[in-house]
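A.B. asks: This structure is in structure tokens; I'll ask about it shortly.
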Amino acid sequence: MIFIPVGLIFIPILSGVIIYLFKHRYVNYLSIVAQLLVTILVIVYYVTFKESYSDTYIVFGLWDERIGISLYNDALSLSFVMLSVFIWWMVLLYTLQTKEEDYNFLFFLLFLEGVFLGLLQSNDLFNMFVFLELTTLLVTILIAFTKTGESFRAALYYLLLNTSGVLAFLLGIILIYNSFGTINVQIVGSMMSSVYDGQILIKFAFVLMLAGISVKTALFPVFTWLPRAHGVAHSAISALLSGLIVKGGIYMFLRITTMYEGASFAYHDFFFVIGGLTALIGVVFALSQKDIKQVLAYHTVSQVGIIMMGISNINQEIAYGGLLHVFNHAFFKSLLFLGAGIIVAQYGTKKIHDLRGVFKTMPFVSVFMIVGMLSITGAPFFNGFISKSVIKYGIEGNIRYWILYAVNIGTATSFLKLSQIFFGQKKQVGEKQIIVHYVPLMTLSFVCIIFGLMYIPISDGFFGIDLTYVKILKLSSFVDYGVTLLIGYMIYVFVVKKDYIFIKRLRMFNLSFDKANYLFIIYIVVMTLYFIS
């Protein structure tokens with residue numbers, strides 16, 4: 001049983017290598033076989049874990065645990081692993097017919113899966129760094145895979161900015177090793193309680209590691225790589241990036257802050273503010289966009305901000321809401337990106353004002369997209385409502401609630417704007433729709449609804465969270481959502497639709513790589529002053 005975590009890492013990688021070496025159409029279907037094997041291993045692992053309720057801790061090569069390579073799995077990591085395998089299934093099924101002969105694409109896609117599963121299970125900081133750097137390189141290649149000038153520029157921007165973040169993370173690791181003589185996460189965490197509060201190096205290590213993770217997570221002000229990358233990548237890769245890869249940063253944030261728990265670092269307020277700013281700025285930029293993929297990309301920034309507002313809270317119930325939103329966002333944002341990819345491919349444009357009559361032209365895709373829109377805007381009976389409600393209930397009665405409410409109104413406004421694409425007459429589109437595309441869209445739509453209806457047993461079974469206090473059928477829930485839509489519609493009609501000069505300037509905003517690095521340095525300085533002064 002202890003070799004299952006190793007299998008989860010190497011089965012996708014080895015399958016990708018075989019696909020690359022043989023370069024044959026039928027060998028490419030090994031990707032499905034590999035995914036089936038990984039799924040079986042995950043299910044067996046989960047069942048075993050639920051029976052024993054014991055974490056899995058593996059040290060390789062008979063080395064001392066202080067210096068040996070080790071993997072660690074608990075409820076958190078296993079939940080992320082299951083989410084990862086599920087999203088990879090959706091991406092593989094989505095690309096099955098269009099990429100079935102593209103061995104290069106499948107090689108990088110499967111290699112990335114193995115590396116990402118390694119990141120989630122790693123128990124020493126240096127291995128986290130290695131997996132993080134490999135993830136950065138592989139994602140760079142996949143962003144550039146469309147082989148256009150725009151995609152190459154976005155991929156290079158992503159690579160350089162994220163490399164800066166990864167290097168900051170590495171410097172933090174060096175300081176941890178210098179202070180503790182080990183980089184084993186569990187051992188360092190157990191030693192944190194003995195740390196004297198004035199040890200500046202350990203605090204600075206925290207700053208550097210969290211600053212690096214902030215880039216990977218696309219937090220304010222180091223989020224500028226995300227809309228560039230999502231806007232030009234293949235829609236399946238955009239779904240993977242938005243639905244899952246940025247969640248790797250969220251996972252690392254949880255691991256590092258848990259490691260520092262014994263030192264009693266008061267990080268909660270700082271990252272709540274960062275989360276709030278990220279959410280607000282993301283939704284403001286989304287409102288200014290006229291490109292459907294850019295709208296979705298900036299809403300990834302915004303939703304990551306909501307997640308950070310949740311998981312950074314000292315109140316455990318609110319933190320659970322943020323964690324639940326990680327999963328809900330993965331479902332509805334993957335759905336929206338995959339659906340948008342089909343629409344863009346059929347119409348040959350990403351411009352919202354050129355996309356009309358989508359409902360009559362592509363009724364099934366439209367229904368799936370509407371499910372995603374209802375989910376992201378927090379409509380009752382859909383999964384986004386549940387996680388947002390958990391966060392909302394916890395922060396009611398103070399200014400934090402109004403930040404979240406403003407973000408929800410902005411999100412509603414943005415998707416009311418996007419809903420224009422469904423109206424109009426049926427159009428003749430370029431290609432025949434590929435039926436296999438419907439499978440991941442239908443599956444994701446089903447999950448969004450199931451998580452919105454069956455949230456009590458699902459939350460209790462997977463996360464051990466009691467959500468019986470969240471009531472779907474409360475009149476106030478429907479009134480609140482209706483008021484949000486009404487205010488959002490008014491903002492759209494009287495502000496967004498008029499496309500004022502400040503909206504155009506927001507849309508044209510473009511931060512160069514050197515300025516993005518200056519912001520990253522300023523971010524590190526601000527964090528240093530906050531946590532060390």
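The way I read the labels, and the way they are meant: chains A, B, ... in the order of the structure tokens, residue 1 as the first residue of every chain, and ligand 1 as the first ligand shown, with later ones counted on from there.
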From region 276-407 of chain A, collect each residue whose DSSP state is alpha helix (DSSP H) and return the set as a PyMOL selection string.

C.D. replies: chain A and resi 276-288+292-311+316-347+358-361+363-376+383-395+399-407

A.B. asks: Could you give me, as CSV, every region 377-491 of chain A residue with an atom at most 7 Å from region 303-327 of chain A, plus its closest atom pair and distance in Å to one decimal, counting only C-alpha atoms, rows ordered by chain then number?

C.D. replies:
residue,atom,partner,partner_atom,distance
A:Ser387,CA,A:Gly321,CA,4.9
A:Lys388,CA,A:Gly321,CA,6.9
A:Val390,CA,A:Gly321,CA,5.0
A:Ile391,CA,A:Ile318,CA,4.8
A:Gly394,CA,A:Ile318,CA,5.6

A.B. asks: Save out the residues we just selected, C-alpha atoms, as a JSON list (two decimals), in the first residue's frame.

C.D. replies:
[["chain", "number", "residue", "atom", "x", "y", "z"],
["A", 387, "SER", "CA", -18.89, 27.54, -0.26],
["A", 388, "LYS", "CA", -19.61, 31.26, -0.60],
["A", 390, "VAL", "CA", -20.00, 29.29, 4.50],
["A", 391, "ILE", "CA", -17.55, 32.19, 4.14],
["A", 394, "GLY", "CA", -18.64, 33.59, 9.13]]

A.B. asks: Pick out the closest residue to Trp225 (chain A) from this set: A:Thr413, A:Thr95, A:Asn123, A:Thr140. Count only C-alpha atoms.

C.D. replies: A:Thr140

A.B. asks: For Gly118 (chain A), which residue out of A:Gln199, A:Ser70, A:Ser334, A:Asn178 is the nearest one, using only C-alpha atoms?

C.D. replies: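 Smallest separation from Gly118 (chain A) among the options: A:Ser70.
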
A.B. asks: Report as a list in words all protein, DNA and RNA residues lying within 12 Å of Phe423 (chain A), evaluated on only C-alpha atoms, omitting residues in the same chain fewer than 4 positions from it.

C.D. replies: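 The filter keeps Ile352, His353, Asp354, Leu355, Arg356, Gly357, Val358, Phe359, Lys360, Thr361, Met362, Pro363, Ser366, Leu416, Lys417, Leu418, Ser419 and Lys427 of chain A.
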
A.B. asks: Mind writing the picked residues with N, CA, C and O atoms as an mmCIF file, in the first residue's frame?

C.D. replies:
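out-v4.cif was written with the following content:
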data_model
loop_
_atom_site.group_PDB
_atom_site.id
_atom_site.type_symbol
_atom_site.label_atom_id
_atom_site.label_comp_id
_atom_site.auth_asym_id
_atom_site.auth_seq_id
_atom_site.Cartn_x
_atom_site.Cartn_y
_atom_site.Cartn_z
ATOM 1 N N ILE A 352 -16.830 38.900 -27.424
ATOM 2 C CA ILE A 352 -18.186 38.686 -26.925
ATOM 3 C C ILE A 352 -19.224 39.295 -27.868
ATOM 4 O O ILE A 352 -20.273 38.687 -28.119
ATOM 5 N N HIS A 353 -18.930 40.483 -28.439
ATOM 6 C CA HIS A 353 -19.943 41.138 -29.286
ATOM 7 C C HIS A 353 -20.132 40.414 -30.623
ATOM 8 O O HIS A 353 -21.107 40.665 -31.334
ATOM 9 N N ASP A 354 -19.217 39.504 -30.987
ATOM 10 C CA ASP A 354 -19.370 38.720 -32.214
ATOM 11 C C ASP A 354 -20.014 37.359 -31.957
ATOM 12 O O ASP A 354 -20.316 36.631 -32.900
ATOM 13 N N LEU A 355 -20.167 37.020 -30.692
ATOM 14 C CA LEU A 355 -20.775 35.737 -30.320
ATOM 15 C C LEU A 355 -22.251 35.970 -30.011
ATOM 16 O O LEU A 355 -22.606 36.477 -28.951
ATOM 17 N N ARG A 356 -23.122 35.611 -30.942
ATOM 18 C CA ARG A 356 -24.553 35.801 -30.765
ATOM 19 C C ARG A 356 -25.305 34.552 -31.238
ATOM 20 O O ARG A 356 -24.841 33.835 -32.125
ATOM 21 N N GLY A 357 -26.462 34.315 -30.627
ATOM 22 C CA GLY A 357 -27.279 33.184 -31.018
ATOM 23 C C GLY A 357 -26.710 31.840 -30.608
ATOM 24 O O GLY A 357 -27.028 30.813 -31.208
ATOM 25 N N VAL A 358 -25.881 31.831 -29.567
ATOM 26 C CA VAL A 358 -25.218 30.600 -29.154
ATOM 27 C C VAL A 358 -26.235 29.572 -28.655
ATOM 28 O O VAL A 358 -26.078 28.367 -28.899
ATOM 29 N N PHE A 359 -27.281 30.031 -27.978
ATOM 30 C CA PHE A 359 -28.249 29.070 -27.424
ATOM 31 C C PHE A 359 -28.953 28.294 -28.532
ATOM 32 O O PHE A 359 -29.122 27.074 -28.426
ATOM 33 N N LYS A 360 -29.358 28.972 -29.582
ATOM 34 C CA LYS A 360 -30.043 28.280 -30.680
ATOM 35 C C LYS A 360 -29.061 27.486 -31.537
ATOM 36 O O LYS A 360 -29.420 26.465 -32.115
ATOM 37 N N THR A 361 -27.843 27.969 -31.612
ATOM 38 C CA THR A 361 -26.834 27.292 -32.427
ATOM 39 C C THR A 361 -26.258 26.069 -31.725
ATOM 40 O O THR A 361 -26.045 25.027 -32.347
ATOM 41 N N MET A 362 -26.011 26.203 -30.424
ATOM 42 C CA MET A 362 -25.372 25.136 -29.649
ATOM 43 C C MET A 362 -26.125 24.973 -28.327
ATOM 44 O O MET A 362 -25.633 25.385 -27.272
ATOM 45 N N PRO A 363 -27.328 24.414 -28.352
ATOM 46 C CA PRO A 363 -28.175 24.383 -27.155
ATOM 47 C C PRO A 363 -27.574 23.596 -25.988
ATOM 48 O O PRO A 363 -27.686 24.031 -24.834
ATOM 49 N N SER A 366 -24.743 25.484 -24.437
ATOM 50 C CA SER A 366 -25.303 26.661 -23.758
ATOM 51 C C SER A 366 -25.844 26.292 -22.384
ATOM 52 O O SER A 366 -25.633 27.013 -21.407
ATOM 53 N N LEU A 416 -23.696 38.556 -16.382
ATOM 54 C CA LEU A 416 -24.851 39.103 -17.096
ATOM 55 C C LEU A 416 -24.402 39.665 -18.439
ATOM 56 O O LEU A 416 -25.091 39.512 -19.455
ATOM 57 N N LYS A 417 -23.243 40.307 -18.426
ATOM 58 C CA LYS A 417 -22.653 40.797 -19.677
ATOM 59 C C LYS A 417 -22.340 39.640 -20.614
ATOM 60 O O LYS A 417 -22.648 39.681 -21.816
ATOM 61 N N LEU A 418 -21.765 38.585 -20.073
ATOM 62 C CA LEU A 418 -21.372 37.429 -20.882
ATOM 63 C C LEU A 418 -22.592 36.682 -21.427
ATOM 64 O O LEU A 418 -22.521 36.051 -22.493
ATOM 65 N N SER A 419 -23.712 36.767 -20.717
ATOM 66 C CA SER A 419 -24.915 36.029 -21.138
ATOM 67 C C SER A 419 -25.494 36.546 -22.455
ATOM 68 O O SER A 419 -26.359 35.896 -23.050
ATOM 69 N N LYS A 427 -26.935 30.590 -35.990
ATOM 70 C CA LYS A 427 -25.945 30.880 -37.025
ATOM 71 C C LYS A 427 -25.323 29.585 -37.540
ATOM 72 O O LYS A 427 -25.275 28.578 -36.846
#
